[in-house]
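Trainee: Just so it is clear, I am handing over target.json, which has JSON, C-alpha atoms (C1' of nucleotides).
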[["chain", "number", "residue", "atom", "x", "y", "z"],
["A", 1, "MET", "CA", -15.95, -24.84, 31.15],
["A", 2, "GLU", "CA", -19.46, -24.95, 29.84],
["A", 3, "THR", "CA", -20.31, -27.65, 27.39],
["A", 4, "THR", "CA", -22.95, -26.52, 24.94],
["A", 5, "HIS", "CA", -25.91, -28.73, 24.27],
["A", 6, "PRO", "CA", -28.50, -27.96, 21.59],
["A", 7, "ALA", "CA", -31.95, -27.05, 22.85],
["A", 8, "THR", "CA", -34.79, -29.50, 22.45],
["A", 9, "ALA", "CA", -36.34, -27.49, 19.64],
["A", 10, "ASP", "CA", -33.03, -27.34, 17.82],
["A", 11, "LEU", "CA", -32.54, -31.09, 17.60],
["A", 12, "ASP", "CA", -31.82, -31.90, 13.98],
["A", 13, "LEU", "CA", -32.60, -35.28, 12.49],
["A", 14, "GLY", "CA", -29.74, -34.89, 10.04],
["A", 15, "SER", "CA", -27.17, -34.41, 12.76],
["A", 16, "ILE", "CA", -28.66, -37.24, 14.79],
["A", 17, "LEU", "CA", -28.67, -39.70, 11.91],
["A", 18, "GLN", "CA", -25.15, -38.77, 11.02],
["A", 19, "ALA", "CA", -24.13, -39.34, 14.62],
["A", 20, "LEU", "CA", -25.85, -42.73, 14.57],
["A", 21, "ALA", "CA", -24.16, -43.70, 11.33],
["A", 22, "ASP", "CA", -20.97, -44.60, 13.15],
["A", 23, "PRO", "CA", -21.01, -48.11, 14.67],
["A", 24, "HIS", "CA", -19.33, -47.07, 17.91],
["A", 25, "ARG", "CA", -21.64, -44.17, 18.54],
["A", 26, "ARG", "CA", -24.67, -46.22, 17.58],
["A", 27, "ARG", "CA", -23.64, -48.89, 20.05],
["A", 28, "VAL", "CA", -23.41, -46.34, 22.83],
["A", 29, "ILE", "CA", -26.83, -44.89, 22.11],
["A", 30, "ALA", "CA", -28.38, -48.31, 21.63],
["A", 31, "GLU", "CA", -27.03, -49.41, 24.98],
["A", 32, "LEU", "CA", -28.36, -46.29, 26.65],
["A", 33, "ALA", "CA", -31.71, -46.59, 24.91],
["A", 34, "ALA", "CA", -32.09, -50.19, 26.03],
["A", 35, "ASP", "CA", -31.68, -49.31, 29.70],
["A", 36, "ARG", "CA", -34.95, -47.70, 30.73],
["A", 37, "SER", "CA", -33.54, -46.63, 34.09],
["A", 38, "ASP", "CA", -31.38, -44.02, 32.31],
["A", 39, "PRO", "CA", -28.42, -44.11, 34.69],
["A", 40, "GLU", "CA", -25.58, -41.66, 34.55],
["A", 41, "ARG", "CA", -22.64, -43.50, 33.03],
["A", 42, "THR", "CA", -19.00, -42.83, 32.37],
["A", 43, "CYS", "CA", -17.48, -42.74, 28.91],
["A", 44, "HIS", "CA", -15.17, -45.67, 29.44],
["A", 45, "SER", "CA", -17.97, -47.84, 30.82],
["A", 46, "PHE", "CA", -18.95, -48.69, 27.26],
["A", 47, "GLY", "CA", -15.60, -50.29, 26.53],
["A", 48, "LEU", "CA", -15.19, -48.80, 23.09],
["A", 49, "PRO", "CA", -12.20, -50.37, 21.32],
["A", 50, "VAL", "CA", -10.58, -47.01, 20.56],
["A", 51, "SER", "CA", -8.10, -44.66, 22.17],
["A", 52, "LYS", "CA", -8.97, -42.01, 24.72],
["A", 53, "GLN", "CA", -8.77, -39.20, 22.18],
["A", 54, "THR", "CA", -11.03, -40.98, 19.74],
["A", 55, "SER", "CA", -13.48, -41.67, 22.54],
["A", 56, "THR", "CA", -13.55, -37.98, 23.39],
["A", 57, "TYR", "CA", -14.23, -37.21, 19.75],
["A", 58, "HIS", "CA", -17.16, -39.60, 19.55],
["A", 59, "PHE", "CA", -18.80, -38.38, 22.74],
["A", 60, "LYS", "CA", -18.34, -34.82, 21.59],
["A", 61, "THR", "CA", -20.13, -35.70, 18.38],
["A", 62, "LEU", "CA", -22.95, -37.30, 20.34],
["A", 63, "ARG", "CA", -23.28, -34.26, 22.55],
["A", 64, "ALA", "CA", -23.26, -31.88, 19.58],
["A", 65, "SER", "CA", -26.06, -33.85, 17.96],
["A", 66, "GLY", "CA", -28.11, -33.57, 21.14],
["A", 67, "LEU", "CA", -28.35, -37.26, 21.87],
["A", 68, "ILE", "CA", -26.57, -37.12, 25.21],
["A", 69, "ARG", "CA", -25.91, -34.60, 27.93],
["A", 70, "ASP", "CA", -22.67, -34.65, 29.86],
["A", 71, "PHE", "CA", -21.62, -33.44, 33.28],
["A", 72, "ASN", "CA", -18.12, -32.42, 34.08],
["A", 73, "TYR", "CA", -16.81, -33.26, 37.53],
["A", 74, "GLY", "CA", -13.21, -32.43, 36.77],
["A", 75, "ASN", "CA", -11.44, -35.71, 36.93],
["A", 76, "ARG", "CA", -14.60, -37.64, 36.21],
["A", 77, "LYS", "CA", -17.41, -37.14, 33.79],
["A", 78, "GLY", "CA", -20.92, -38.43, 33.51],
["A", 79, "ILE", "CA", -23.10, -38.76, 30.45],
["A", 80, "ARG", "CA", -26.80, -39.36, 30.23],
["A", 81, "LEU", "CA", -29.20, -40.01, 27.38],
["A", 82, "ARG", "CA", -31.56, -37.12, 26.61],
["A", 83, "ARG", "CA", -34.46, -39.51, 26.38],
["A", 84, "ALA", "CA", -37.28, -37.09, 27.06],
["A", 85, "ASP", "CA", -36.05, -34.57, 24.53],
["A", 86, "ILE", "CA", -35.49, -37.16, 21.83],
["A", 87, "ASP", "CA", -38.80, -38.89, 22.46],
["A", 88, "ALA", "CA", -40.54, -35.54, 22.19],
["A", 89, "ARG", "CA", -39.01, -34.66, 18.83],
["A", 90, "PHE", "CA", -38.46, -38.09, 17.28],
["A", 91, "PRO", "CA", -40.82, -40.59, 18.89],
["A", 92, "GLY", "CA", -39.84, -44.17, 18.18],
["A", 93, "LEU", "CA", -36.22, -43.51, 17.37],
["A", 94, "LEU", "CA", -34.85, -44.81, 20.65],
["A", 95, "ASP", "CA", -37.15, -47.82, 20.49],
["A", 96, "LEU", "CA", -35.58, -48.75, 17.17],
["A", 97, "LEU", "CA", -32.11, -48.60, 18.63],
["A", 98, "ALA", "CA", -33.10, -50.48, 21.76],
["A", 99, "ALA", "CA", -34.64, -53.23, 19.66],
["A", 100, "GLU", "CA", -31.52, -53.42, 17.54],
["A", 101, "HIS", "CA", -29.40, -53.63, 20.67],
["A", 102, "SER", "CA", -31.30, -56.57, 22.09],
["A", 103, "ARG", "CA", -31.19, -58.30, 18.71],
["A", 104, "THR", "CA", -27.44, -57.86, 18.55],
["A", 105, "ARG", "CA", -26.99, -59.23, 22.05],
["A", 106, "GLN", "CA", -29.17, -62.20, 21.21],
["A", 107, "ARG", "CA", -27.08, -62.96, 18.15],
["A", 108, "ALA", "CA", -23.86, -62.62, 20.16],
["A", 109, "GLU", "CA", -25.11, -65.12, 22.73],
["A", 110, "THR", "CA", -26.37, -67.57, 20.13],
["A", 111, "THR", "CA", -23.10, -67.69, 18.20],
["A", 112, "PRO", "CA", -20.19, -67.53, 20.63],
["B", 1, "MET", "CA", -28.60, -57.02, -15.79],
["B", 2, "GLU", "CA", -29.93, -58.01, -12.45],
["B", 3, "THR", "CA", -29.84, -55.48, -9.69],
["B", 4, "THR", "CA", -29.36, -57.12, -6.33],
["B", 5, "HIS", "CA", -31.54, -56.13, -3.41],
["B", 6, "PRO", "CA", -30.95, -57.39, 0.13],
["B", 7, "ALA", "CA", -33.60, -59.73, 1.51],
["B", 8, "THR", "CA", -35.95, -58.46, 4.18],
["B", 9, "ALA", "CA", -34.20, -60.45, 6.90],
["B", 10, "ASP", "CA", -30.84, -59.04, 5.81],
["B", 11, "LEU", "CA", -31.81, -55.42, 6.26],
["B", 12, "ASP", "CA", -29.14, -53.82, 8.42],
["B", 13, "LEU", "CA", -29.83, -50.79, 10.54],
["B", 14, "GLY", "CA", -26.24, -49.67, 10.22],
["B", 15, "SER", "CA", -26.38, -49.58, 6.44],
["B", 16, "ILE", "CA", -29.75, -47.89, 6.52],
["B", 17, "LEU", "CA", -28.69, -45.18, 8.95],
["B", 18, "GLN", "CA", -25.56, -44.58, 6.95],
["B", 19, "ALA", "CA", -27.65, -44.25, 3.82],
["B", 20, "LEU", "CA", -29.93, -41.80, 5.60],
["B", 21, "ALA", "CA", -27.00, -39.74, 6.86],
["B", 22, "ASP", "CA", -26.65, -38.04, 3.49],
["B", 23, "PRO", "CA", -29.05, -35.09, 3.04],
["B", 24, "HIS", "CA", -29.87, -35.91, -0.58],
["B", 25, "ARG", "CA", -30.66, -39.53, 0.13],
["B", 26, "ARG", "CA", -32.60, -38.63, 3.26],
["B", 27, "ARG", "CA", -34.70, -36.20, 1.26],
["B", 28, "VAL", "CA", -35.56, -38.90, -1.27],
["B", 29, "ILE", "CA", -36.60, -41.38, 1.39],
["B", 30, "ALA", "CA", -38.49, -38.76, 3.38],
["B", 31, "GLU", "CA", -40.41, -37.77, 0.27],
["B", 32, "LEU", "CA", -41.23, -41.39, -0.47],
["B", 33, "ALA", "CA", -42.17, -42.10, 3.14],
["B", 34, "ALA", "CA", -44.54, -39.14, 3.22],
["B", 35, "ASP", "CA", -46.52, -40.38, 0.23],
["B", 36, "ARG", "CA", -48.63, -43.23, 1.53],
["B", 37, "SER", "CA", -49.72, -44.21, -1.97],
["B", 38, "ASP", "CA", -46.21, -45.51, -2.67],
["B", 39, "PRO", "CA", -46.09, -44.67, -6.36],
["B", 40, "GLU", "CA", -43.34, -45.82, -8.65],
["B", 41, "ARG", "CA", -41.18, -42.79, -9.34],
["B", 42, "THR", "CA", -38.25, -41.93, -11.55],
["B", 43, "CYS", "CA", -34.86, -40.90, -10.21],
["B", 44, "HIS", "CA", -34.91, -37.44, -11.70],
["B", 45, "SER", "CA", -38.38, -36.73, -10.34],
["B", 46, "PHE", "CA", -36.79, -35.76, -7.05],
["B", 47, "GLY", "CA", -34.83, -32.93, -8.60],
["B", 48, "LEU", "CA", -31.61, -33.59, -6.75],
["B", 49, "PRO", "CA", -29.12, -30.77, -7.33],
["B", 50, "VAL", "CA", -26.35, -33.10, -8.51],
["B", 51, "SER", "CA", -25.11, -34.57, -11.76],
["B", 52, "LYS", "CA", -26.45, -37.71, -13.37],
["B", 53, "GLN", "CA", -23.50, -39.82, -12.23],
["B", 54, "THR", "CA", -23.82, -38.68, -8.65],
["B", 55, "SER", "CA", -27.53, -39.38, -8.76],
["B", 56, "THR", "CA", -26.80, -42.92, -9.91],
["B", 57, "TYR", "CA", -24.38, -43.30, -7.03],
["B", 58, "HIS", "CA", -26.92, -42.19, -4.44],
["B", 59, "PHE", "CA", -29.70, -44.41, -5.72],
["B", 60, "LYS", "CA", -27.30, -47.31, -5.85],
["B", 61, "THR", "CA", -26.48, -46.68, -2.21],
["B", 62, "LEU", "CA", -30.16, -46.57, -1.33],
["B", 63, "ARG", "CA", -30.78, -49.82, -3.16],
["B", 64, "ALA", "CA", -27.81, -51.53, -1.49],
["B", 65, "SER", "CA", -29.11, -50.51, 1.93],
["B", 66, "GLY", "CA", -32.49, -52.04, 1.09],
["B", 67, "LEU", "CA", -34.52, -48.87, 1.36],
["B", 68, "ILE", "CA", -35.72, -48.87, -2.22],
["B", 69, "ARG", "CA", -36.27, -51.35, -5.01],
["B", 70, "ASP", "CA", -35.68, -50.40, -8.60],
["B", 71, "PHE", "CA", -36.99, -51.64, -11.91],
["B", 72, "ASN", "CA", -35.06, -51.37, -15.11],
["B", 73, "TYR", "CA", -37.00, -50.63, -18.27],
["B", 74, "GLY", "CA", -33.99, -49.89, -20.41],
["B", 75, "ASN", "CA", -34.25, -46.25, -21.19],
["B", 76, "ARG", "CA", -36.38, -45.58, -18.14],
["B", 77, "LYS", "CA", -36.18, -46.74, -14.58],
["B", 78, "GLY", "CA", -38.58, -46.86, -11.71],
["B", 79, "ILE", "CA", -37.89, -46.89, -8.03],
["B", 80, "ARG", "CA", -40.21, -47.70, -5.17],
["B", 81, "LEU", "CA", -39.92, -47.57, -1.41],
["B", 82, "ARG", "CA", -39.75, -50.98, 0.28],
["B", 83, "ARG", "CA", -42.24, -49.83, 2.86],
["B", 84, "ALA", "CA", -43.55, -53.21, 3.96],
["B", 85, "ASP", "CA", -40.08, -54.65, 4.45],
["B", 86, "ILE", "CA", -38.82, -51.65, 6.36],
["B", 87, "ASP", "CA", -41.92, -51.41, 8.52],
["B", 88, "ALA", "CA", -41.55, -55.08, 9.37],
["B", 89, "ARG", "CA", -37.94, -54.77, 10.49],
["B", 90, "PHE", "CA", -37.80, -51.19, 11.76],
["B", 91, "PRO", "CA", -41.29, -50.04, 12.70],
["B", 92, "GLY", "CA", -41.53, -46.29, 13.11],
["B", 93, "LEU", "CA", -38.51, -45.40, 11.03],
["B", 94, "LEU", "CA", -40.45, -44.23, 8.00],
["B", 95, "ASP", "CA", -42.87, -42.32, 10.20],
["B", 96, "LEU", "CA", -39.94, -40.34, 11.58],
["B", 97, "LEU", "CA", -38.79, -39.42, 8.11],
["B", 98, "ALA", "CA", -42.27, -38.58, 6.94],
["B", 99, "ALA", "CA", -42.79, -36.31, 9.92],
["B", 100, "GLU", "CA", -39.48, -34.63, 9.24],
["B", 101, "HIS", "CA", -40.44, -34.15, 5.63],
["B", 102, "SER", "CA", -43.69, -32.41, 6.45],
["B", 103, "ARG", "CA", -41.92, -30.24, 8.99],
["B", 104, "THR", "CA", -39.34, -29.21, 6.40],
["B", 105, "ARG", "CA", -42.03, -28.34, 3.89],
["B", 106, "GLN", "CA", -43.87, -26.30, 6.47],
["B", 107, "ARG", "CA", -40.73, -24.34, 7.27],
["B", 108, "ALA", "CA", -40.05, -23.78, 3.56],
["B", 109, "GLU", "CA", -43.54, -22.38, 3.05],
["B", 110, "THR", "CA", -43.37, -20.18, 6.12],
["B", 111, "THR", "CA", -40.09, -18.54, 5.18],
["B", 112, "PRO", "CA", -40.00, -18.03, 1.41],
["C", 1, "DG", "C1'", 1.70, -30.77, 46.92],
["C", 2, "DC", "C1'", 2.72, -35.02, 44.05],
["C", 3, "DT", "C1'", 0.66, -38.60, 41.55],
["C", 4, "DG", "C1'", -2.45, -40.90, 38.74],
["C", 5, "DA", "C1'", -6.88, -41.64, 36.44],
["C", 6, "DG", "C1'", -10.07, -39.52, 33.44],
["C", 7, "DG", "C1'", -10.53, -36.19, 29.97],
["C", 8, "DT", "C1'", -9.39, -32.29, 26.47],
["C", 9, "DA", "C1'", -6.80, -29.59, 22.69],
["C", 10, "DC", "C1'", -4.34, -29.48, 18.54],
["C", 11, "DG", "C1'", -2.20, -31.41, 14.79],
["C", 12, "DA", "C1'", -1.16, -35.13, 11.48],
["C", 13, "DT", "C1'", -2.52, -39.12, 8.84],
["C", 14, "DG", "C1'", -5.00, -42.65, 6.23],
["C", 15, "DC", "C1'", -9.11, -43.94, 4.24],
["C", 16, "DA", "C1'", -13.79, -43.62, 2.78],
["C", 17, "DA", "C1'", -17.47, -40.80, 0.75],
["C", 18, "DG", "C1'", -19.39, -37.53, -2.45],
["C", 19, "DT", "C1'", -18.64, -35.36, -6.75],
["C", 20, "DC", "C1'", -17.90, -35.05, -11.57],
["C", 21, "DG", "C1'", -15.72, -36.06, -16.69],
["C", 22, "DT", "C1'", -15.61, -39.09, -20.32],
["C", 23, "DA", "C1'", -17.35, -42.85, -22.55],
["C", 24, "DC", "C1'", -20.79, -46.22, -23.23],
["C", 25, "DC", "C1'", -25.40, -48.70, -22.91],
["C", 26, "DT", "C1'", -30.73, -49.20, -23.68],
["C", 27, "DC", "C1'", -34.88, -48.47, -25.49],
["C", 28, "DA", "C1'", -38.95, -45.34, -27.39],
["C", 29, "DG", "C1'", -40.30, -42.56, -31.11],
["C", 30, "DG", "C1'", -39.95, -40.38, -35.14],
["D", 1, "DC", "C1'", -32.25, -46.98, -38.17],
["D", 2, "DC", "C1'", -30.85, -42.59, -36.14],
["D", 3, "DT", "C1'", -31.50, -39.72, -32.32],
["D", 4, "DG", "C1'", -32.08, -38.33, -27.79],
["D", 5, "DA", "C1'", -33.36, -38.96, -22.95],
["D", 6, "DG", "C1'", -32.40, -41.67, -19.02],
["D", 7, "DG", "C1'", -29.01, -44.39, -16.88],
["D", 8, "DT", "C1'", -24.41, -47.00, -15.95],
["D", 9, "DA", "C1'", -19.18, -47.94, -15.66],
["D", 10, "DC", "C1'", -14.72, -46.50, -14.63],
["D", 11, "DG", "C1'", -11.55, -43.39, -13.08],
["D", 12, "DA", "C1'", -9.88, -39.08, -10.91],
["D", 13, "DC", "C1'", -10.25, -35.62, -7.52],
["D", 14, "DT", "C1'", -11.49, -33.42, -3.10],
["D", 15, "DT", "C1'", -13.29, -33.13, 1.10],
["D", 16, "DG", "C1'", -14.64, -34.99, 5.46],
["D", 17, "DC", "C1'", -14.27, -38.42, 9.03],
["D", 18, "DA", "C1'", -12.19, -41.60, 12.23],
["D", 19, "DT", "C1'", -8.00, -42.43, 14.32],
["D", 20, "DC", "C1'", -4.02, -41.62, 17.00],
["D", 21, "DG", "C1'", 0.49, -38.99, 19.13],
["D", 22, "DT", "C1'", 1.94, -35.57, 21.98],
["D", 23, "DA", "C1'", 1.04, -32.34, 25.31],
["D", 24, "DC", "C1'", -1.82, -30.35, 28.73],
["D", 25, "DC", "C1'", -5.75, -29.87, 32.15],
["D", 26, "DT", "C1'", -8.63, -31.20, 36.58],
["D", 27, "DC", "C1'", -9.59, -33.08, 40.63],
["D", 28, "DA", "C1'", -9.36, -37.02, 44.44],
["D", 29, "DG", "C1'", -6.51, -39.22, 47.58],
["D", 30, "DC", "C1'", -2.60, -40.06, 49.72]]
Go ahead and render the structure in this file as structure tokens.
Mentor:
Amino acid sequence: METTHPATADLDLGSILQALADPHRRRVIAELAADRSDPERTCHSFGLPVSKQTSTYHFKTLRASGLIRDFNYGNRKGIRLRRADIDARFPGLLDLLAAEHSRTRQRAETTP
Amino acid sequence: METTHPATADLDLGSILQALADPHRRRVIAELAADRSDPERTCHSFGLPVSKQTSTYHFKTLRASGLIRDFNYGNRKGIRLRRADIDARFPGLLDLLAAEHSRTRQRAETTP
DNA sequence: GCTGAGGTACGATGCAAGTCGTACCTCAGG
DNA sequence: CCTGAGGTACGACTTGCATCGTACCTCAGC
């Protein structure tokens, strides 16, 4: 089964902003954006407080918007941030999310 | 009647991204972001293809998210982009929207 | 070749968001 | 002091979105 990802030139700011409007999806992208090593991660490694089906839905939305690319290994799946593509089309966007992520973590540590 | 605007420190990226997820609102902010002279504009100067009530709703949403500030003159009203505040909290965000705005205009001129 | 973990497909549901109708407010200008 | 343009308040309606239940798929490892 081939998962379809939009081409770099087809990345649409509207779709991306709509994808980032959801707190869960924004958290995922912020976490990915903050890690400059861009590792391949699994869906459930983010610990989203939702069911499996909902998780699938969110990651599908992220893929359709072009923010992530996913790899299907059958019983496992890997996702990776499309950093180069996003930086090329929307420079600064990922920096914003990374900054927000570190600010959120800081607040979480300060007020336990 | 006092319209309440969030303080600069209270600007929330979630609210802002949600506000920018709507095409009409994004168009307004992109247009404002592209004009570096930051003029005070009226609501209907954007020519949104919606009714008066819906327009009120959208501008209220934009104000609540902290993207714009509005001034009530009774029978007239002015709105202005909170550029300094946004640049301070989310540097690069308005540049993204401005770039998108110019790209949209270019495409509109190329394919009439 | 079963089993189980990870993931998908389809459908249903509950709630929020965008839209508009009606009615009302506010001031500038005749 | 009317009138009209710009704007708001409240309520109703409709659509879309996030969520989950049930059922099914795919591969690794035993």
Trainee: Kindly determine which residues of chain B lie within 10 Å of chain D, considering only C-alpha atoms (C1' of nucleotides), and give the answer as a tab-separated table (two decimals) with C-alpha atoms, in the coordinates of the input.
Mentor:
chain	number	residue	atom	x	y	z
B	42	THR	CA	-38.25	-41.93	-11.55
B	43	CYS	CA	-34.86	-40.90	-10.21
B	44	HIS	CA	-34.91	-37.44	-11.70
B	52	LYS	CA	-26.45	-37.71	-13.37
B	53	GLN	CA	-23.50	-39.82	-12.23
B	55	SER	CA	-27.53	-39.38	-8.76
B	56	THR	CA	-26.80	-42.92	-9.91
B	57	TYR	CA	-24.38	-43.30	-7.03
B	72	ASN	CA	-35.06	-51.37	-15.11
B	74	GLY	CA	-33.99	-49.89	-20.41
B	75	ASN	CA	-34.25	-46.25	-21.19
B	76	ARG	CA	-36.38	-45.58	-18.14
B	77	LYS	CA	-36.18	-46.74	-14.58
Trainee: Please compute the atom CA of Ser65 of chain B-atom CA of Ile16 of chain B distance, one decimal, in Å.
Mentor: 5.3 Å
Trainee: Using all atoms listed in the file, tabulate the residues of chain C lying at most 8 Å from any atom of chain B, each with its closest atom pair and that distance in Å to one decimal, by chain and increasing residue number, as CSV.
Mentor:
residue,atom,partner,partner_atom,distance
C:DG18,C1',B:Thr54,CA,7.7
C:DT19,C1',B:Thr54,CA,6.4
C:DC20,C1',B:Ser51,CA,7.2
C:DT26,C1',B:Gly74,CA,4.7
C:DC27,C1',B:Asn75,CA,4.9
C:DA28,C1',B:Asn75,CA,7.8
Trainee: Could you tell me how far atom CA of Leu32 of chain A sits from atom CA of Arg82 of chain B, in Å to one decimal place?
Mentor: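 Interatomic distance here is 29.1 Å.
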Trainee: Show me, as an MDAnalysis selection string, every residue of chain B with an atom at most 12 Å from chain A, counting all atoms listed in the file.
Mentor: chainID B and resid 11:27 30 86:101 103:104
